[in-house]
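Written out below as structure tokens is the structure these notes cover.
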Amino acid sequence: MSISLKHLTKHYGTTHAVEDVSVEIAHNSLTAILGPSGSGKSTLLKLISGLESPDDGTVTIDGEDMTNIDPRHRDIGFCFQNYAPFRHMNVAKNVAFGLKVRKRSSSEIDTRVKELLALVRLEDKAKSFPSQLSGGERQRMALARALAIEPRVLLLDEPFGALDAVVRQELRQWVKELHAQMPVTTVLVTHDQQEAMEVADQLIVMRSGHVVQAGDPLALYESPATNFVHEFLGPSTMFLGEVTRPHDLELVSVYDGTAKGRITSIVSLGFEAQVTVELSDNTTTWVQLSRNELSKLGLRVALLVGVRRRADADF
Amino acid sequence: MKQTHRWAVRGVVLVYLAILIGLPVVFLIVKAFQHGFGPFWSQITQPEALSALLLSVEVAAIAVPVNAIVGVGAAILIARHNFLGRRAFDTVFDIPVAVSPVILGVALVLAYSRIGWFGAPLARVGIMVLFSPLGITLATMAVSLPYVLRSIVPVLLEVGTEQEQAARTLGAGRLRSFFQVTLPSIRWAVMYGITLTIARTLGEFGAVLVVSGNISGKTQTLPIYIYDDWDQRFDVLGSYSDALILALMSVIVLGILAVLRKRERKLRVDLA
């Protein structure tokens, strides 16, 4: 189901949480709303779900105006940042909740719950209570509960925010596979650009309540509309007054560079190295090199070098 | 040194408790049974004593459920809704614990006497509030009003609204959300509040004395009957015996309270 947001606006007192946002989210896409904290991304998600109502603008799902429809009638699967499990119910009862509301027969509910628990790999936890689950398990339970109602749209608020790095990585991969296996229009909110680039096939970048740019991740990475998007989506540095990616620069001999300068530091991160250069115009830039390049060039601090854009850089 | 210090503190606390509560209760038990079980039993089975006990239980049977329902409703209003005058509304519930029960009793008399604002129209249709079980029930409800509310509000705030929102996105209406999500998550706090309300209801003296008119066998609750034995009839054995019964009821309530507190603590650990 496609989602269409038009001129959505939400203010809290004097805070403009969401300001005139218009954006289209394609059917069965996996879209990430990306932005720093306070950019309005979670509010936008709540507006789509109906848990918040907009001061202005419309929410349309699959051509149907949903702006004034109560969230309970929107058929939306919403996963909260802290998962919001029903703590007094076991995993199976949590997952069954939406089906019971829809008055399905108990045999149908049983089968469906079993299927869903298998899907999220929690078959052996059916009788456990949320307090007995790990963070990743709670997250998967919340997903199963949301998917149980066969939602038209799945909304995930910072789905991996509260998990440790390893589980996070696993779950990202898993969500992506799940989406491929069971396509449903999914919107997730994150402040982590790497997460967004890895999981999503569409990005919406937000800043102080506005959508700055939307599109597929690679296009945004390669042709960011603003310096903010450029800086937010990946490593960036200033070179001759322009924002650029440090891996699009290279170090050459003093005579071959478009600018020259002196190396002030070399930080080796294993597979890559960051070389900081103070240019002759007193600006500083940094260049990302592979380990091979670093050893081939024989660089050291205080050496005079030339800096230029790589020939294959996308400009 | 530290060890002795700790024992000294414990000793002081124990002596303090013994002087205030322990010894008087022991004396009460000894005195109630000083002539053996027979006289004790005949005291507590006197018709007036039994009717006082029955009235106390009847009043509690009405006051406790009413205050539980009002308490839960008001707690949800205070913790989940924002409205003009919420603070004032919140504060009103503290009046019964802040002012003396006697003052509440006097205020009820002013309002419900035959010439009072509410009392006059009620008297015209033949409803007598004062000097009747109805007045006693009203006075008891007034003094025990805040306990359920005060037990629930902090738990409601701690649990937060996310579970209720989740229920809503899953299609649940307000009633289902309340009974299947909100109420289960505050159930121990509700039980705790109800237990406190029972304890307060059974023991209430001041407000009830003012509105009841103290008619033996008709408008005497157990605490008032005990006081009458002591003060009016000079029947010390009677007052000791019935005081012991009242104390026993309170001990049972306290026992329930202790179990609930343990449960609630476990619940809080689960929440963390």
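Note on naming: chains are A, B, ... as they come in the structure tokens, residues start from 1 per chain, ligands start from 1 in the order shown.
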Please return, as a ChimeraX atom specification, all residues of chain B lying within 12 Å of chain A when only C-alpha atoms are considered. /B:159-177,180-188,266-272
Those residues with N, CA and C atoms, as an mmCIF file, in the first residue's frame please?
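Output saved as part01.cif:
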data_model
loop_
_atom_site.group_PDB
_atom_site.id
_atom_site.type_symbol
_atom_site.label_atom_id
_atom_site.label_comp_id
_atom_site.auth_asym_id
_atom_site.auth_seq_id
_atom_site.Cartn_x
_atom_site.Cartn_y
_atom_site.Cartn_z
ATOM 1 N N VAL B 159 4.057 3.159 34.449
ATOM 2 C CA VAL B 159 3.784 2.224 33.356
ATOM 3 C C VAL B 159 3.771 2.953 32.009
ATOM 4 N N GLY B 160 3.317 4.202 32.008
ATOM 5 C CA GLY B 160 3.310 4.973 30.772
ATOM 6 C C GLY B 160 2.156 4.599 29.859
ATOM 7 N N THR B 161 2.094 5.244 28.688
ATOM 8 C CA THR B 161 0.937 5.075 27.808
ATOM 9 C C THR B 161 1.224 4.196 26.603
ATOM 10 N N GLU B 162 2.478 3.731 26.474
ATOM 11 C CA GLU B 162 2.820 3.013 25.243
ATOM 12 C C GLU B 162 2.027 1.726 25.044
ATOM 13 N N GLN B 163 1.818 0.972 26.150
ATOM 14 C CA GLN B 163 1.049 -0.268 26.000
ATOM 15 C C GLN B 163 -0.371 0.034 25.535
ATOM 16 N N GLU B 164 -0.949 1.130 26.064
ATOM 17 C CA GLU B 164 -2.303 1.501 25.656
ATOM 18 C C GLU B 164 -2.320 1.920 24.186
ATOM 19 N N GLN B 165 -1.270 2.641 23.771
ATOM 20 C CA GLN B 165 -1.190 3.042 22.360
ATOM 21 C C GLN B 165 -1.035 1.821 21.466
ATOM 22 N N ALA B 166 -0.227 0.862 21.927
ATOM 23 C CA ALA B 166 -0.033 -0.362 21.147
ATOM 24 C C ALA B 166 -1.369 -1.081 20.978
ATOM 25 N N ALA B 167 -2.137 -1.159 22.075
ATOM 26 C CA ALA B 167 -3.444 -1.812 22.010
ATOM 27 C C ALA B 167 -4.338 -1.106 20.998
ATOM 28 N N ARG B 168 -4.224 0.219 20.976
ATOM 29 C CA ARG B 168 -5.047 1.006 20.061
ATOM 30 C C ARG B 168 -4.681 0.712 18.611
ATOM 31 N N THR B 169 -3.378 0.663 18.306
ATOM 32 C CA THR B 169 -3.000 0.383 16.912
ATOM 33 C C THR B 169 -3.391 -1.033 16.518
ATOM 34 N N LEU B 170 -3.535 -1.926 17.516
ATOM 35 C CA LEU B 170 -3.937 -3.298 17.205
ATOM 36 C C LEU B 170 -5.457 -3.417 17.090
ATOM 37 N N GLY B 171 -6.146 -2.280 17.267
ATOM 38 C CA GLY B 171 -7.579 -2.264 17.009
ATOM 39 C C GLY B 171 -8.454 -2.245 18.253
ATOM 40 N N ALA B 172 -7.854 -2.206 19.452
ATOM 41 C CA ALA B 172 -8.646 -2.268 20.675
ATOM 42 C C ALA B 172 -9.324 -0.933 20.967
ATOM 43 N N GLY B 173 -10.578 -1.003 21.389
ATOM 44 C CA GLY B 173 -11.302 0.195 21.803
ATOM 45 C C GLY B 173 -10.962 0.539 23.241
ATOM 46 N N ARG B 174 -11.531 1.635 23.723
ATOM 47 C CA ARG B 174 -11.207 2.117 25.062
ATOM 48 C C ARG B 174 -11.495 1.087 26.150
ATOM 49 N N LEU B 175 -12.672 0.438 26.067
ATOM 50 C CA LEU B 175 -13.054 -0.511 27.112
ATOM 51 C C LEU B 175 -12.105 -1.695 27.160
ATOM 52 N N ARG B 176 -11.828 -2.274 25.975
ATOM 53 C CA ARG B 176 -10.938 -3.429 25.923
ATOM 54 C C ARG B 176 -9.540 -3.033 26.408
ATOM 55 N N SER B 177 -9.089 -1.884 25.956
ATOM 56 C CA SER B 177 -7.778 -1.401 26.354
ATOM 57 C C SER B 177 -7.714 -1.240 27.878
ATOM 58 N N GLN B 180 -8.107 -4.983 29.516
ATOM 59 C CA GLN B 180 -7.102 -5.993 29.186
ATOM 60 C C GLN B 180 -5.667 -5.489 29.258
ATOM 61 N N VAL B 181 -5.498 -4.162 29.244
ATOM 62 C CA VAL B 181 -4.130 -3.642 29.267
ATOM 63 C C VAL B 181 -3.881 -2.775 30.505
ATOM 64 N N THR B 182 -4.702 -1.724 30.692
ATOM 65 C CA THR B 182 -4.446 -0.798 31.795
ATOM 66 C C THR B 182 -4.668 -1.467 33.156
ATOM 67 N N LEU B 183 -5.856 -2.050 33.343
ATOM 68 C CA LEU B 183 -6.196 -2.600 34.655
ATOM 69 C C LEU B 183 -5.232 -3.714 35.095
ATOM 70 N N PRO B 184 -4.898 -4.672 34.216
ATOM 71 C CA PRO B 184 -3.939 -5.694 34.653
ATOM 72 C C PRO B 184 -2.586 -5.112 35.066
ATOM 73 N N SER B 185 -2.182 -4.021 34.418
ATOM 74 C CA SER B 185 -0.859 -3.502 34.747
ATOM 75 C C SER B 185 -0.857 -2.722 36.061
ATOM 76 N N ILE B 186 -2.054 -2.360 36.571
ATOM 77 C CA ILE B 186 -2.083 -1.657 37.859
ATOM 78 C C ILE B 186 -2.784 -2.492 38.924
ATOM 79 N N ARG B 187 -2.997 -3.792 38.653
ATOM 80 C CA ARG B 187 -3.901 -4.551 39.531
ATOM 81 C C ARG B 187 -3.398 -4.652 40.973
ATOM 82 N N TRP B 188 -2.093 -4.792 41.161
ATOM 83 C CA TRP B 188 -1.608 -4.905 42.539
ATOM 84 C C TRP B 188 -1.744 -3.587 43.277
ATOM 85 N N LYS B 266 7.793 -7.035 43.410
ATOM 86 C CA LYS B 266 8.197 -7.966 42.365
ATOM 87 C C LYS B 266 7.801 -7.388 41.001
ATOM 88 N N LEU B 267 6.594 -6.807 40.967
ATOM 89 C CA LEU B 267 6.113 -6.229 39.719
ATOM 90 C C LEU B 267 7.035 -5.117 39.249
ATOM 91 N N ARG B 268 7.482 -4.295 40.214
ATOM 92 C CA ARG B 268 8.371 -3.193 39.853
ATOM 93 C C ARG B 268 9.692 -3.706 39.304
ATOM 94 N N VAL B 269 10.152 -4.827 39.863
ATOM 95 C CA VAL B 269 11.386 -5.430 39.351
ATOM 96 C C VAL B 269 11.160 -5.902 37.912
ATOM 97 N N ASP B 270 9.977 -6.480 37.678
ATOM 98 C CA ASP B 270 9.634 -6.928 36.321
ATOM 99 C C ASP B 270 9.626 -5.765 35.340
ATOM 100 N N LEU B 271 9.164 -4.613 35.851
ATOM 101 C CA LEU B 271 9.047 -3.446 34.973
ATOM 102 C C LEU B 271 10.415 -2.909 34.589
ATOM 103 N N ALA B 272 11.381 -3.100 35.471
ATOM 104 C CA ALA B 272 12.702 -2.506 35.239
ATOM 105 C C ALA B 272 13.415 -3.200 34.084
#
Identify, on the basis of only C-alpha atoms, every residue whose closest approach to range 56-66 of chain B does not exceed 12 Å; exclude the query and any residue fewer than 3 positions from it along the same chain; express the result as a ChimeraX atom specification. /B:49-53,69-73,132-148,190-191,193-205,208,217-225,246,249
Taking the chain letters and numbering used in this document, name the residues of range 25-56 of chain B that DSSP puts in alpha helix (DSSP H), as a CSV table (one decimal) with C-alpha atoms, in the first residue's frame.
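The resulting file, part_36.csv, is shown below:
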chain,number,residue,atom,x,y,z
B,25,VAL,CA,-1.6,-4.4,72.6
B,26,VAL,CA,-0.2,-7.1,74.9
B,27,PHE,CA,-2.1,-5.5,77.8
B,28,LEU,CA,-5.2,-5.4,75.7
B,29,ILE,CA,-5.0,-9.2,75.0
B,30,VAL,CA,-4.2,-10.0,78.7
B,31,LYS,CA,-7.1,-7.8,79.9
B,32,ALA,CA,-9.6,-9.2,77.4
B,37,PHE,CA,-12.5,-17.2,77.3
B,38,GLY,CA,-16.2,-17.5,78.4
B,39,PRO,CA,-16.7,-13.8,79.5
B,40,PHE,CA,-14.7,-12.7,76.5
B,41,TRP,CA,-17.1,-14.7,74.2
B,42,SER,CA,-20.2,-13.5,75.9
B,43,GLN,CA,-19.0,-9.9,75.6
B,44,ILE,CA,-18.4,-10.1,71.8
B,47,PRO,CA,-26.6,-8.2,70.5
B,48,GLU,CA,-25.4,-4.6,70.5
B,49,ALA,CA,-21.9,-5.7,69.9
B,50,LEU,CA,-22.9,-7.9,67.0
B,51,SER,CA,-25.1,-5.3,65.5
B,52,ALA,CA,-22.2,-2.8,65.7
B,53,LEU,CA,-19.9,-5.3,64.0
B,54,LEU,CA,-22.5,-6.0,61.3
B,55,LEU,CA,-23.0,-2.3,60.7
B,56,SER,CA,-19.2,-1.8,60.3
Exercise: Asp62 in chain A partners within 9 Å, only C-alpha atoms, chain neighbours under 5 positions left out, as a ChimeraX atom specification: /A:1-4,27,152
Selected residues written out with N, CA and C atoms, as a PDB file, in the first residue's frame:
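Result file follows (part16.pdb):
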ATOM      1  N   MET A   1       0.847  -1.189   0.000  1.00  0.00           N
ATOM      2  CA  MET A   1       0.000   0.000   0.000  1.00  0.00           C
ATOM      3  C   MET A   1       0.884   1.240   0.000  1.00  0.00           C
ATOM      4  N   SER A   2       0.597   2.156  -0.865  1.00  0.00           N
ATOM      5  CA  SER A   2       1.423   3.358  -0.901  1.00  0.00           C
ATOM      6  C   SER A   2       0.913   4.360   0.130  1.00  0.00           C
ATOM      7  N   ILE A   3       1.832   5.182   0.577  1.00  0.00           N
ATOM      8  CA  ILE A   3       1.459   6.221   1.549  1.00  0.00           C
ATOM      9  C   ILE A   3       1.764   7.565   0.921  1.00  0.00           C
ATOM     10  N   SER A   4       0.839   8.477   1.056  1.00  0.00           N
ATOM     11  CA  SER A   4       1.061   9.806   0.512  1.00  0.00           C
ATOM     12  C   SER A   4       0.806  10.840   1.603  1.00  0.00           C
ATOM     13  N   HIS A  27       4.507   1.609  -2.707  1.00  0.00           N
ATOM     14  CA  HIS A  27       3.933   0.327  -2.327  1.00  0.00           C
ATOM     15  C   HIS A  27       5.041  -0.704  -2.109  1.00  0.00           C
ATOM     16  N   ARG A 152      -1.645  -3.025   6.693  1.00  0.00           N
ATOM     17  CA  ARG A 152      -1.436  -2.482   5.354  1.00  0.00           C
ATOM     18  C   ARG A 152      -0.072  -1.806   5.299  1.00  0.00           C
TER      19      ARG A 152
END
Strand (DSSP E or B) call set, DSSP backbone run, range 204-282 of chain A, as a PDB file with C-alpha atoms, in the first residue's frame:
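What landed in selection04.pdb:
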ATOM      1  CA  ILE A 204      13.716  10.371   3.608  1.00  0.00           C
ATOM      2  CA  VAL A 205      16.208  12.732   5.236  1.00  0.00           C
ATOM      3  CA  MET A 206      14.719  15.135   7.777  1.00  0.00           C
ATOM      4  CA  ARG A 207      16.062  18.167   9.546  1.00  0.00           C
ATOM      5  CA  HIS A 210      11.420  19.503   7.145  1.00  0.00           C
ATOM      6  CA  VAL A 211      12.142  16.819   4.579  1.00  0.00           C
ATOM      7  CA  VAL A 212      15.487  17.816   3.100  1.00  0.00           C
ATOM      8  CA  GLN A 213      15.730  15.119   0.458  1.00  0.00           C
ATOM      9  CA  ALA A 214      14.068  11.817  -0.431  1.00  0.00           C
ATOM     10  CA  GLY A 215      15.072   9.106  -2.852  1.00  0.00           C
ATOM     11  CA  THR A 237      35.333  17.038   4.388  1.00  0.00           C
ATOM     12  CA  MET A 238      35.843  20.484   2.886  1.00  0.00           C
ATOM     13  CA  PHE A 239      38.147  20.770  -0.104  1.00  0.00           C
ATOM     14  CA  GLU A 242      33.258  22.470  -1.343  1.00  0.00           C
ATOM     15  CA  VAL A 243      31.934  19.550   0.665  1.00  0.00           C
ATOM     16  CA  THR A 244      33.270  16.292  -0.662  1.00  0.00           C
ATOM     17  CA  LEU A 249      40.263  12.716  -2.751  1.00  0.00           C
ATOM     18  CA  GLU A 250      43.781  11.405  -3.300  1.00  0.00           C
ATOM     19  CA  LEU A 251      47.294  12.391  -2.265  1.00  0.00           C
ATOM     20  CA  VAL A 252      49.876  12.986  -5.006  1.00  0.00           C
ATOM     21  CA  ALA A 259      46.183  22.173  -3.891  1.00  0.00           C
ATOM     22  CA  LYS A 260      49.210  21.557  -1.767  1.00  0.00           C
ATOM     23  CA  GLY A 261      49.718  21.268   1.954  1.00  0.00           C
ATOM     24  CA  ARG A 262      51.441  19.620   4.882  1.00  0.00           C
ATOM     25  CA  ILE A 263      50.336  16.399   6.550  1.00  0.00           C
ATOM     26  CA  THR A 264      49.375  17.083  10.181  1.00  0.00           C
ATOM     27  CA  SER A 265      48.230  13.611  11.230  1.00  0.00           C
ATOM     28  CA  ILE A 266      47.865  10.034  10.010  1.00  0.00           C
ATOM     29  CA  VAL A 267      45.308   7.828  11.750  1.00  0.00           C
ATOM     30  CA  SER A 268      45.307   4.203  10.730  1.00  0.00           C
ATOM     31  CA  GLU A 272      41.688   2.398   5.987  1.00  0.00           C
ATOM     32  CA  ALA A 273      43.657   5.449   7.037  1.00  0.00           C
ATOM     33  CA  GLN A 274      42.650   9.064   7.599  1.00  0.00           C
ATOM     34  CA  VAL A 275      45.292  11.557   6.559  1.00  0.00           C
ATOM     35  CA  THR A 276      44.757  15.163   7.625  1.00  0.00           C
ATOM     36  CA  VAL A 277      46.360  17.857   5.498  1.00  0.00           C
ATOM     37  CA  GLU A 278      46.703  21.553   6.258  1.00  0.00           C
ATOM     38  CA  LEU A 279      46.488  23.276   2.887  1.00  0.00           C
TER      39      LEU A 279
END
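Nearest to Val129 in chain B of all the residues B:Ala88, B:Ile76, B:Ile152, B:Val211 is B:Val211, counting only C-alpha atoms.
Using only C-alpha atoms, the protein and nucleic acid residues lying no more than 8 Å from Gly135 in chain A, apart from those fewer than 4 places from it along its own chain, are Gln139, Ala162 and Leu163 of chain A.
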